[in-house]
Each structure stands twice: as structure tokens, then as C-alpha cells.
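Engineer: Mind having a look at this structure? Questions to follow.
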Amino acid sequence: MKVTLIFLKMDKSKLEELYELAKKTAVNAGKFLLSRKNQILQIYSEEGRDIKLEIDRETEELIRENLSPTKITILGEELGVDDYKTDFMWVIDPLDGTSNYFRGIDQCCVSIALMHFQKVKIGVIFNFNTNELFCACENKGAYLNDKQIKVSKIRNKAKASLTTGFPASERLDSSMRYLKDFVGWKKIRMFGSAALSCAYVASGRCDIYKEKGVYLWDFAAGICLVEEAGGKATYKKIDDSRYLVNFTNGRL
């Protein structure tokens, strides 16, 4: 089936409007998740290390409802991608860190990005547990609750903190090769949320985030955050849908 790509007009004021919408939507979704945090949660899928809750779907539906008036294609972790295609695309993870949320651990968040082909124009990550809104828009800097943030200035690996996730590899030798890259760092942290790991690099809480096997919705918002905070974000596909990512303060 032939798909027609719809090109949208996007001036500075329109991008700012979408930026405000993304922030408002993330906060609304976070409030919804927070309101349901202590309720009995229904699991609809649990395969390997991954867990899916009904509230993941419900939150994505809420986000889609908020973003749908923009007429921009939406790609979400739970419900996939829209049938219609525009040159801009919302990339959303309604609940990054679902397992943490399920177990009452506060390292989880809502993540919303706006991409124009391969360029991320807007990145919003909201940790509703701590009321921390990390947000960035192209050429406008990166912010945490309206205060501008910057990446760290650490240049020495022996003084730096790395955040990561252990790859769900089928082969031990592959995992061991991956782990060799972690030798020499002062601290290694595993938060269980790719999006928050990106936000922590952008805000200088960590110095580098590296992980193998993550999906676009896990880190898309983080690209804009890290770059606007003065860091560097690189990523490459390792199969049809997963990526190897390397987000740094630009000095390591």
C-alpha cells in the first residue's frame, strides 16, 4: 500500500505552541499515573524482563487524545504508529520504567518527543513522582522546572558516573563484551528508565548514558534534552527496532 507523506508548515510560533502542549500533556499524564499509583494494577503482558500494565495503554490513550488535534503522526510504545504519515512525528512512551512503577519505585516517567525526520525538535520527560519536568525545545536550551540545566564538566572517566541498563542478551559472551566498556568509571547506576537516564545526563546528575537494545520511544525526548543542555547524543540501530545509544556530556 502506498503511503503519502503529508508535509506540515512549522514556523517558530507553531513550534513553541507544540512545546507548551507537550509539557502540559506530559504533566496531565503524570498526574493520572500518580492518582493510580496505589491501586491494584492489571498486567496484560509479561514476557521475559518486560512487563505491560493496562495503565500503560490507558495513559497512552490519554496522551494521544491530547496530541491528536495537532494532526501530527503519533508513534507510541503501546499502540504503535498512526496510519497517516506526516513529516513531523510525536514519539511517546506513556510510562517509561513500568516495572519500577509496578513495584513502587519512583524512577519512572512520561516521555514525549517531537521529531522532524531524524531531528528531535522537542523533548519532554516528566517524573511525576518527584514533580520534575525536564524539557527542551530546539535552540531554546534545556530546563528542569523552569530552571536552565547544563551537562556536567567532568572530563575524567575515573571521576564520572555512568548510567546504563544490562542488555537482555541471549549469549553470555556478548554480554561480557558489553560489560568491558564499563570498567574504569567511578560509579555505575541502573535506574530502570532510559528516559530518566537521558534527563540525568542533561541535568549533570550523571555524565554518560549508554545502553544496548532500547527503542526509539525510550530515548527520543532525551536527544533534544542532552543536546540543548550542551551534551552529545549518538545512537544507531542494531536490528529492525532496537538501538545502541551513547549520550554524554560531550567531554567523555
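Here, A, B, ... name the chains of the C-alpha cells in the order displayed, residue numbers run from 1 inside each chain, and ligands are numbered from 1 in the same displayed order.
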Contacts of Leu8 of chain A at 12 Å or less, counting only C-alpha atoms, minus same-chain residues fewer than 3 places along, as an MDAnalysis selection string?
Structural biologist: chainID A and resid 5 11 14:15 70:73 85:89 116
Engineer: Show me, as a tab-separated table, the residues of segment 37-153 of chain A having an atom within 6 Å of segment 229-240 of chain A, each with the closest atom pair and its distance in Å, using only C-alpha atoms.
Structural biologist:
```
residue	atom	partner	partner_atom	distance
A:Ala142	CA	A:Ala229	CA	5.2
A:Lys150	CA	A:Ala229	CA	4.4
A:Val151	CA	A:Ala229	CA	5.6
```
Engineer: Now that the selection is made, can you save its residues with C-alpha atoms as a short mmCIF file (atom, residue, chain, number, x, y, z; two decimals), in the first residue's frame?
Structural biologist:
```cif
data_model
loop_
_atom_site.label_atom_id
_atom_site.label_comp_id
_atom_site.auth_asym_id
_atom_site.auth_seq_id
_atom_site.Cartn_x
_atom_site.Cartn_y
_atom_site.Cartn_z
CA ALA A 142 17.07 22.60 28.39
CA LYS A 150 23.56 22.01 31.65
CA VAL A 151 25.56 18.82 31.32
#
```
Engineer: Could you give me, as a ChimeraX atom specification, the residues within 9 Å of Gln107 of chain A, counting only C-alpha atoms and dropping anything in the same chain fewer than 4 positions from it?
Structural biologist: /A:96-97,100-101,127,129,191-193,196
Engineer: Just to be explicit: take each residue in the selection above, keep C-alpha atoms, and write the result as a short mmCIF file (atom, residue, chain, number, x, y, z; two decimals), in the first residue's frame.
Structural biologist:
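The new file result_28.cif reads:
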```cif
data_model
loop_
_atom_site.label_atom_id
_atom_site.label_comp_id
_atom_site.auth_asym_id
_atom_site.auth_seq_id
_atom_site.Cartn_x
_atom_site.Cartn_y
_atom_site.Cartn_z
CA ASP A 96 8.97 4.55 30.97
CA GLY A 97 10.02 2.37 33.87
CA ASN A 100 9.56 0.40 38.75
CA TYR A 101 6.05 1.88 38.79
CA ASN A 127 8.99 12.28 36.64
CA ASN A 129 6.83 11.02 41.49
CA PHE A 191 17.74 3.37 37.19
CA GLY A 192 15.44 1.16 35.11
CA SER A 193 14.32 4.10 32.95
CA LEU A 196 15.31 9.45 33.09
#
```
Engineer: Identify, on the basis of only C-alpha atoms, every residue whose closest approach to Asp93 of chain A does not exceed 10 Å; exclude the query and any residue fewer than 6 positions from it along the same chain; express the result as a ChimeraX atom specification.
Structural biologist: /A:56,59-60,63,75-78,109-113,125,195,215-221
Engineer: Check segment 13-201 of chain A with DSSP on the backbone and list each residue it calls helix (DSSP H, G or I), as a PyMOL selection string.
Structural biologist: chain A and resi 13-35+54-70+98-102+157-159+172-180+194-201
Engineer: Step one, run DSSP on the backbone; step two, keep only residues of segment 74-232 of chain A assigned to strand (DSSP E or B); then write them as a PyMOL selection string.
Structural biologist: chain A and resi 74-76+80-81+85-86+88-96+109-116+119-127+132-137+142-144+147-149+161-165+187-189+208-215+232
Engineer: Quick one: residues within 10 Å of Gly184 of chain A, only C-alpha atoms counted, chain neighbours fewer than 4 positions away excluded, as a PyMOL selection string?
Structural biologist: chain A and resi 156-160+180+188
Engineer: Restricting the calculation to only C-alpha atoms: of A:Ile6, A:Leu34, A:Val245, A:Ala29, which residue gets closest to Ser197 of chain A?
Structural biologist: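 Of A:Ile6, A:Leu34, A:Val245, A:Ala29, the one nearest Ser197 of chain A, counting only C-alpha atoms, is A:Val245.
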Engineer: Measure the distance from atom CA of Ile149 of chain A to atom CA of Val214 of chain A in Å and round it to one decimal.
Structural biologist: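 For atom CA of Ile149 of chain A relative to atom CA of Val214 of chain A, the distance reads 24.8 Å.
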Engineer: Which residue, A:Glu138, A:Glu211, A:Glu61, A:Glu228, has the smallest gap to Asp181 of chain A when you use only C-alpha atoms?
Structural biologist: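 Closest to Asp181 of chain A of all the choices is A:Glu211.
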Engineer: For Gly104 of chain A, which residue among A:Leu33, A:Ile154, A:Leu133, A:Ile92 is the nearest when counting only C-alpha atoms?
Structural biologist: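 Among the listed residues, the smallest separation from Gly104 of chain A belongs to A:Leu33.
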Engineer: May I ask for the distance between atom CA of Ser68 of chain A and atom CA of Lys121 of chain A, given in Å to one decimal place?
Structural biologist: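 Answer for the atom CA of Ser68 of chain A to atom CA of Lys121 of chain A separation: 17.8 Å.
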Engineer: Do you know which residues are at most 9 Å from Phe166 of chain A counting only C-alpha atoms, after dropping those on the same chain fewer than 4 positions away, and could you put them as a list in words?
Structural biologist: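 Residues near the query, excluding close chain neighbours: Ser175, Tyr178, Leu179, Met190, Glu211 and Lys212 of chain A.
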Engineer: Would you put the residues from that selection into a file with N, CA and C atoms, as a CSV table (one decimal), in the first residue's frame?
Structural biologist:
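That gives us part.csv:
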```csv
chain,number,residue,atom,x,y,z
A,175,SER,N,27.3,-10.4,26.3
A,175,SER,CA,27.1,-9.6,27.5
A,175,SER,C,28.4,-9.2,28.1
A,178,TYR,N,30.1,-6.4,26.3
A,178,TYR,CA,29.4,-5.2,26.5
A,178,TYR,C,29.9,-4.6,27.9
A,179,LEU,N,30.0,-5.5,28.9
A,179,LEU,CA,30.3,-5.1,30.2
A,179,LEU,C,31.8,-4.5,30.3
A,190,MET,N,22.0,2.0,37.5
A,190,MET,CA,21.0,1.4,36.7
A,190,MET,C,19.6,1.8,37.3
A,211,GLU,N,23.5,2.4,26.6
A,211,GLU,CA,22.6,1.1,26.7
A,211,GLU,C,22.4,0.5,25.4
A,212,LYS,N,22.3,-0.8,25.4
A,212,LYS,CA,22.1,-1.6,24.1
A,212,LYS,C,20.7,-2.2,24.2
```
Engineer: Just checking: using only C-alpha atoms, which residue out of A:Val124, A:Cys137, A:Val27, A:Val201 ends up closest to Leu162 of chain A?
Structural biologist: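 Answer, going by the shortest atom-to-atom distance: A:Val201.
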Engineer: Can you work out which one of A:Ser241, A:Asn131, A:Gln118, A:Asn66 has the shortest atom-to-atom distance to Leu21 of chain A, counting only C-alpha atoms?
Structural biologist: A:Asn66
Engineer: Which residue gives the smallest distance to Arg64 of chain A among A:Gly250, A:Gly80, A:Gly204, A:Gly222, with only C-alpha atoms counted?
Structural biologist: A:Gly80
